[in-house]
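To be precise, the following lines are final-v2.txt, and they hold compact mmCIF, C-alpha atoms.
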# COMPACT_ATOMS: atom_id res chain seq x y z
CA MET A 1 0.00 0.00 0.00
CA VAL A 2 1.36 3.42 -0.96
CA ASN A 3 1.69 5.80 1.98
CA LEU A 4 0.45 9.23 0.86
CA VAL A 5 0.07 12.56 2.62
CA GLY A 6 -2.14 14.50 0.25
CA GLU A 7 -0.60 13.57 -3.09
CA ARG A 8 2.92 13.19 -1.71
CA TYR A 9 4.50 9.80 -1.08
CA VAL A 10 5.88 9.32 2.42
CA PRO A 11 7.96 6.22 3.19
CA THR A 12 6.86 4.08 6.09
CA LYS A 13 9.10 3.86 9.13
CA LYS A 14 10.17 0.37 8.10
CA GLU A 15 11.04 1.51 4.57
CA LEU A 16 13.15 4.38 5.85
CA GLU A 17 14.89 2.15 8.38
CA GLU A 18 15.71 -0.38 5.66
CA ALA A 19 17.12 2.37 3.44
CA LEU A 20 19.36 3.59 6.29
CA ILE A 21 20.51 0.05 7.09
CA LYS A 22 21.40 -0.44 3.44
CA ARG A 23 23.68 2.62 3.59
CA HIS A 24 25.00 2.29 7.13
CA SER A 25 24.80 -1.48 7.92
CA LEU A 26 22.51 -3.05 10.51
CA SER A 27 24.96 -3.04 13.43
CA VAL A 28 25.76 0.65 12.97
CA GLN A 29 22.18 1.74 12.41
CA GLU A 30 20.94 -0.03 15.52
CA LYS A 31 23.32 2.08 17.61
CA ILE A 32 22.45 5.31 15.81
CA ALA A 33 18.71 4.70 16.23
CA LYS A 34 19.17 4.44 20.00
CA GLY A 35 21.01 7.77 20.12
CA ARG A 36 19.71 10.73 22.13
CA VAL A 37 21.37 14.07 21.46
CA ALA A 38 20.68 17.59 22.74
CA ILE A 39 21.65 20.58 20.59
CA ALA A 40 22.06 23.94 22.31
CA GLY A 41 21.82 26.71 19.72
CA LEU A 42 20.18 26.32 16.31
CA GLY A 43 22.19 28.76 14.22
CA GLY A 44 24.90 28.07 11.65
CA LEU A 45 26.29 25.15 13.61
CA GLY A 46 23.26 23.72 15.36
CA SER A 47 20.79 23.82 12.49
CA ASN A 48 23.18 22.02 10.15
CA ILE A 49 24.24 19.52 12.82
CA ALA A 50 20.61 18.69 13.56
CA MET A 51 19.87 18.04 9.91
CA MET A 52 22.90 15.76 9.55
CA LEU A 53 21.93 13.78 12.64
CA ALA A 54 18.37 13.48 11.34
CA ARG A 55 19.67 12.12 8.04
CA LEU A 56 21.64 9.53 10.02
CA GLY A 57 18.45 8.44 11.74
CA VAL A 58 19.39 9.42 15.30
CA GLY A 59 16.55 8.31 17.54
CA GLU A 60 15.89 11.50 19.52
CA LEU A 61 16.93 15.12 19.14
CA PHE A 62 16.36 17.84 21.75
CA LEU A 63 16.51 21.25 20.04
CA VAL A 64 17.02 24.35 22.20
CA ASP A 65 17.12 27.98 21.07
CA PHE A 66 15.36 31.20 22.11
CA ASP A 67 15.57 33.03 18.77
CA GLN A 68 13.62 33.52 15.56
CA VAL A 69 14.95 33.23 12.01
CA ASP A 70 16.00 36.57 10.49
CA LEU A 71 17.49 37.67 7.19
CA SER A 72 21.09 37.66 8.48
CA ASN A 73 20.79 33.91 9.20
CA LEU A 74 20.21 32.81 5.61
CA ASN A 75 23.86 32.99 4.49
CA ARG A 76 24.88 29.99 6.60
CA GLN A 77 22.00 28.52 8.58
CA CYS A 78 19.63 25.75 7.53
CA TYR A 79 16.62 27.99 6.93
CA GLY A 80 14.88 29.60 3.98
CA VAL A 81 12.95 32.77 3.25
CA ARG A 82 9.72 31.01 4.24
CA HIS A 83 11.08 30.67 7.79
CA LEU A 84 11.70 34.39 8.41
CA GLY A 85 10.09 35.41 11.70
CA VAL A 86 9.50 31.78 12.75
CA LYS A 87 10.99 30.38 15.94
CA LYS A 88 14.10 28.41 15.09
CA THR A 89 12.89 25.44 17.11
CA GLU A 90 9.70 25.28 15.04
CA ALA A 91 11.36 25.93 11.67
CA LEU A 92 14.02 23.29 12.22
CA GLN A 93 11.60 20.70 13.54
CA ALA A 94 9.49 21.09 10.40
CA GLN A 95 12.53 20.65 8.14
CA ILE A 96 13.72 17.56 10.00
CA LYS A 97 10.29 15.98 9.60
CA GLU A 98 10.62 16.44 5.83
CA VAL A 99 13.86 14.43 5.89
CA ASN A 100 12.98 11.84 8.53
CA PRO A 101 9.44 12.02 9.92
CA TYR A 102 10.22 9.30 12.46
CA VAL A 103 12.95 11.06 14.45
CA GLN A 104 11.62 11.86 17.90
CA ILE A 105 12.01 15.59 18.40
CA LYS A 106 11.66 17.61 21.56
CA THR A 107 12.06 21.39 21.54
CA LYS A 108 12.44 24.17 24.06
CA THR A 109 12.29 27.82 23.03
CA ILE A 110 14.38 29.29 25.81
CA ARG A 111 17.69 31.01 26.41
CA VAL A 112 20.20 28.62 27.98
CA THR A 113 21.76 30.03 31.14
CA GLU A 114 24.06 28.82 33.86
CA GLU A 115 20.99 28.46 36.08
CA ASN A 116 18.92 26.25 33.76
CA ALA A 117 21.53 24.31 31.76
CA VAL A 118 21.76 21.30 34.07
CA GLU A 119 17.98 20.89 34.28
CA LEU A 120 17.65 21.20 30.49
CA PHE A 121 20.32 18.69 29.48
CA LEU A 122 20.73 16.29 32.40
CA GLU A 123 18.85 13.45 30.69
CA TYR A 124 20.93 13.51 27.49
CA PRO A 125 24.19 11.53 27.21
CA ILE A 126 25.52 13.83 24.47
CA VAL A 127 25.16 17.62 24.38
CA CYS A 128 26.20 19.62 21.33
CA GLU A 129 27.26 23.20 22.09
CA ALA A 130 26.44 25.35 19.04
CA PHE A 131 26.26 28.94 20.29
CA ASP A 132 27.60 32.01 18.50
CA GLN A 133 29.15 33.93 21.39
CA ALA A 134 32.32 32.79 23.16
CA GLU A 135 30.99 33.60 26.62
CA ASN A 136 27.90 31.44 26.06
CA LYS A 137 30.04 28.59 24.77
CA ALA A 138 32.26 28.73 27.84
CA MET A 139 29.26 28.94 30.16
CA LEU A 140 27.63 25.81 28.81
CA VAL A 141 30.81 23.76 28.57
CA ASN A 142 31.94 24.67 32.08
CA THR A 143 28.50 24.07 33.57
CA ILE A 144 28.12 20.64 31.98
CA LEU A 145 31.65 19.53 32.84
CA GLN A 146 31.26 20.66 36.44
CA HIS A 147 27.79 19.36 37.21
CA CYS A 148 27.18 16.53 34.71
CA PRO A 149 30.29 14.31 34.69
CA ASN A 150 28.60 11.56 32.64
CA ILE A 151 27.59 13.82 29.75
CA LYS A 152 29.79 14.07 26.68
CA ILE A 153 29.89 17.57 25.19
CA VAL A 154 30.92 18.45 21.63
CA SER A 155 31.68 22.13 21.11
CA GLY A 156 32.53 24.38 18.16
CA SER A 157 35.18 27.10 18.22
CA GLY A 158 36.77 28.93 15.29
CA MET A 159 35.06 28.75 11.93
CA GLY A 160 35.06 32.36 10.78
CA GLY A 161 35.99 33.68 7.38
CA TYR A 162 37.42 31.92 4.35
CA GLY A 163 40.66 30.39 5.57
CA SER A 164 41.85 26.94 4.57
CA SER A 165 39.44 24.08 5.06
CA ASN A 166 42.36 22.05 6.36
CA GLU A 167 42.55 24.23 9.48
CA ILE A 168 39.21 22.90 10.72
CA GLY A 169 39.63 19.85 12.92
CA THR A 170 38.42 17.92 15.96
CA LYS A 171 40.30 17.78 19.26
CA LYS A 172 39.63 15.78 22.40
CA VAL A 173 40.43 18.28 25.14
CA MET A 174 39.72 16.00 28.07
CA ASN A 175 37.49 13.10 29.00
CA ASN A 176 33.96 13.79 27.69
CA PHE A 177 34.91 17.13 26.06
CA TYR A 178 35.60 17.66 22.36
CA ILE A 179 36.16 20.87 20.38
CA CYS A 180 35.76 21.26 16.62
CA GLY A 181 36.98 24.15 14.50
CA ASP A 182 40.30 25.94 14.05
CA LEU A 183 40.10 27.29 17.64
CA VAL A 184 41.19 30.74 16.40
CA SER A 185 39.10 32.51 13.77
CA GLY A 186 36.16 34.59 14.96
CA ILE A 187 34.00 37.28 13.43
CA GLU A 188 36.12 40.28 14.37
CA LYS A 189 36.71 43.06 11.82
CA ASN A 190 35.53 41.93 8.39
CA TYR A 191 36.34 38.25 8.74
CA GLY A 192 32.69 37.29 8.94
CA LEU A 193 30.87 33.99 9.10
CA MET A 194 30.37 32.16 5.83
CA ALA A 195 28.58 28.95 4.94
CA PRO A 196 31.54 26.77 3.85
CA ARG A 197 33.67 26.96 7.00
CA VAL A 198 30.67 27.07 9.34
CA GLN A 199 29.34 23.90 7.73
CA LEU A 200 32.78 22.29 7.85
CA CYS A 201 32.83 22.82 11.61
CA ALA A 202 29.24 21.58 11.88
CA SER A 203 30.22 18.46 9.96
CA HIS A 204 33.10 17.82 12.35
CA GLN A 205 30.74 18.13 15.30
CA ALA A 206 28.13 15.85 13.72
CA ASN A 207 30.78 13.26 12.87
CA MET A 208 32.21 13.33 16.40
CA ILE A 209 28.69 12.84 17.77
CA LEU A 210 28.26 9.90 15.40
CA ARG A 211 31.51 8.38 16.61
CA LEU A 212 30.40 8.76 20.22
CA LEU A 213 27.08 7.07 19.43
CA LEU A 214 29.09 4.18 18.01
CA GLY A 215 31.22 3.99 21.14
CA ILE A 216 34.34 5.59 19.59
CA GLU A 217 35.76 8.18 21.97
CA GLU A 218 38.95 9.12 20.13
CA GLU A 219 38.98 12.30 18.05

Just dump the structure as structure tokens.
Amino acid sequence: MVNLVGERYVPTKKELEEALIKRHSLSVQEKIAKGRVAIAGLGGLGSNIAMMLARLGVGELFLVDFDQVDLSNLNRQCYGVRHLGVKKTEALQAQIKEVNPYVQIKTKTIRVTEENAVELFLEYPIVCEAFDQAENKAMLVNTILQHCPNIKIVSGSGMGGYGSSNEIGTKKVMNNFYICGDLVSGIEKNYGLMAPRVQLCASHQANMILRLLLGIEEE
């Protein structure tokens, strides 16, 4: 029986699972499907990371951001003109459902602070830090490392401008803490944030999260 929504074909859960197993192998996909990942910040890093994890078939995603989509986001974030003025949590959830309607998604439209971070993320074994500002990055990383010793955190730092792609990398800083990026380039002066390097860093973060889901803890 053909599964239709309106006039549009939608694969069944079993069909989509079989397609993922064909690409990833059964043993790998079983681990990915059990994965539960929280993403703090749904901008250039977080929106692209979430979409990559959804394409992998990660079982559950927790999407957290306080902001709405605006015109300045479109040069690097996973949104379109139709999303302008929409909460990022809502816009991203809708896009993920177009790619994999069977990913379990939870959202929270809230600003992450030192006071609420532990309560927000305590239940998730992997937290992806994807904020724009350095002080917010440091706040979340330090809070999780101090209060949630069993959580693995994957952070992004240094993806500004148009420098060499080869400068973007992944580093295991300490047990349960990984940083992706070049660790240097920001948005000062006219260096800017551009889609290629932002997405390179996002890809490093998504791949490190994948490795952690598979039980690989080396960078």

TODO: For region 191-204 of chain A, please output as a list in words all residues within 7 Å (counting all atoms listed in the file; exclusion window: fewer than 5 positions along the same chain).
DONE: Gly44, Leu45, Asn48, Ile49, Asn75, Arg76, Gly156, Met159, Gly160, Gly161, Tyr162, Ser165, Ile168, Gly169, Thr170, Cys180 and Gly181 of chain A

Take the residues from that selection and put them in a file with C-alpha atoms, as a compact mmCIF listing (two decimals), in the frame of the given file.
# COMPACT_ATOMS: atom_id res chain seq x y z
CA GLY A 44 24.90 28.07 11.65
CA LEU A 45 26.29 25.15 13.61
CA ASN A 48 23.18 22.02 10.15
CA ILE A 49 24.24 19.52 12.82
CA ASN A 75 23.86 32.99 4.49
CA ARG A 76 24.88 29.99 6.60
CA GLY A 156 32.53 24.38 18.16
CA MET A 159 35.06 28.75 11.93
CA GLY A 160 35.06 32.36 10.78
CA GLY A 161 35.99 33.68 7.38
CA TYR A 162 37.42 31.92 4.35
CA SER A 165 39.44 24.08 5.06
CA ILE A 168 39.21 22.90 10.72
CA GLY A 169 39.63 19.85 12.92
CA THR A 170 38.42 17.92 15.96
CA CYS A 180 35.76 21.26 16.62
CA GLY A 181 36.98 24.15 14.50

Draw an axis-aligned box over all listed atoms of region 51-63 of chain A, pad each side with 4 Å, and write its centre and edge lengths in Å, one decimal, as AutoDock Vina command-line options.
--center_x 19.4 --center_y 14.8 --center_z 14.9 --size_x 15.0 --size_y 20.9 --size_z 21.7

Open item on the list: Using all atoms listed in the file - which residues lie no farther than 12 Å from the point (23.1, 26.8, 31.0) in the file's frame? Write them as a ChimeraX atom specification.
Closed with: /A:40-41,64-65,110-122,127,129,131,135-148

Open item on the list: Which residue is closest to Val37 (chain A)? Choose from A:Ser157, A:Gln205, A:Thr12, A:Asn73 and count all atoms listed in the file.
Closed with: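 Comparing A:Ser157, A:Gln205, A:Thr12, A:Asn73 against Val37 (chain A), the winner is A:Gln205.
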
Task: Residue nearest Gln77 (chain A) among A:Leu20, A:Leu53, A:Val99, A:Ala130 (counting all atoms listed in the file) - done: A:Ala130

- [ ] Between CA of Val154 (chain A) and CA of Cys128 (chain A), measure the distance and give it in Å to one decimal.
- [x] 4.9 Å

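Take CA of Val103 (chain A) and CA of Ile39 (chain A): the distance between them is 14.3 Å.
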
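Contact shell of Lys31 (chain A) at 9 Å (only C-alpha atoms; same-chain neighbours under 5 positions omitted): A:Leu26, A:Val58, A:Leu213, A:Leu214, A:Gly215.
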
Got time to write the residues from that selection, C-alpha atoms, as a PDB file, keeping the file's coordinate frame?
ATOM      1  CA  LEU A  26      22.510  -3.050  10.510  1.00  0.00           C
ATOM      2  CA  VAL A  58      19.390   9.420  15.300  1.00  0.00           C
ATOM      3  CA  LEU A 213      27.080   7.070  19.430  1.00  0.00           C
ATOM      4  CA  LEU A 214      29.090   4.180  18.010  1.00  0.00           C
ATOM      5  CA  GLY A 215      31.220   3.990  21.140  1.00  0.00           C
TER       6      GLY A 215
END

Task: Nearest to Ala33 (chain A) by atom-to-atom distance, counting all atoms listed in the file, from A:Pro11, A:Pro125, A:Gly85, A:Gly57 - done: A:Gly57

Task: Residue neighbourhood Glu217 (chain A), 9 Å, all atoms listed in the file, exclusion window fewer than 5 positions, as a ChimeraX atom specification - done: /A:172,175-176,208,211-212

Task: Point-to-point distance in Å for CA of Phe66 (chain A) and CA of Lys87 (chain A) - done: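 Calculated distance between CA of Lys87 (chain A) and CA of Phe66 (chain A) is 7.6 Å.
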
TODO: Measuring atom to atom with all atoms listed in the file, identify which of A:Tyr124, A:Tyr9, A:Tyr178, A:Phe62 is nearest to Lys106 (chain A).
DONE: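 Between A:Tyr124, A:Tyr9, A:Tyr178, A:Phe62, the residue approaching Lys106 (chain A) most closely is A:Phe62.
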
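By chain and then residue number, the residues within 8 Å of Ile105 (chain A) are Glu60, Leu61, Phe62, Leu63 and Gln93 of chain A, counting only C-alpha atoms and disregarding those fewer than 6 positions away in sequence.
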
Task: For Gln95 (chain A): contacts at 9 Å, all atoms listed in the file, fewer than 5 positions along chain excluded, given as a list in words - done: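 Counting all atoms listed in the file, the residues come to Met51, Cys78, Tyr79, Glu90 and Asn100 of chain A.
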
Dump of C-alpha atoms for the selected residues, as a PDB file, in the coordinates of the input:
ATOM      1  CA  MET A  51      19.870  18.040   9.910  1.00  0.00           C
ATOM      2  CA  CYS A  78      19.630  25.750   7.530  1.00  0.00           C
ATOM      3  CA  TYR A  79      16.620  27.990   6.930  1.00  0.00           C
ATOM      4  CA  GLU A  90       9.700  25.280  15.040  1.00  0.00           C
ATOM      5  CA  ASN A 100      12.980  11.840   8.530  1.00  0.00           C
TER       6      ASN A 100
END

Open item on the list: Ranking A:Ala91, A:Ile216, A:Met174, A:Leu210 by minimum distance to Val69 (chain A) and counting only C-alpha atoms, which one comes first?
Closed with: A:Ala91
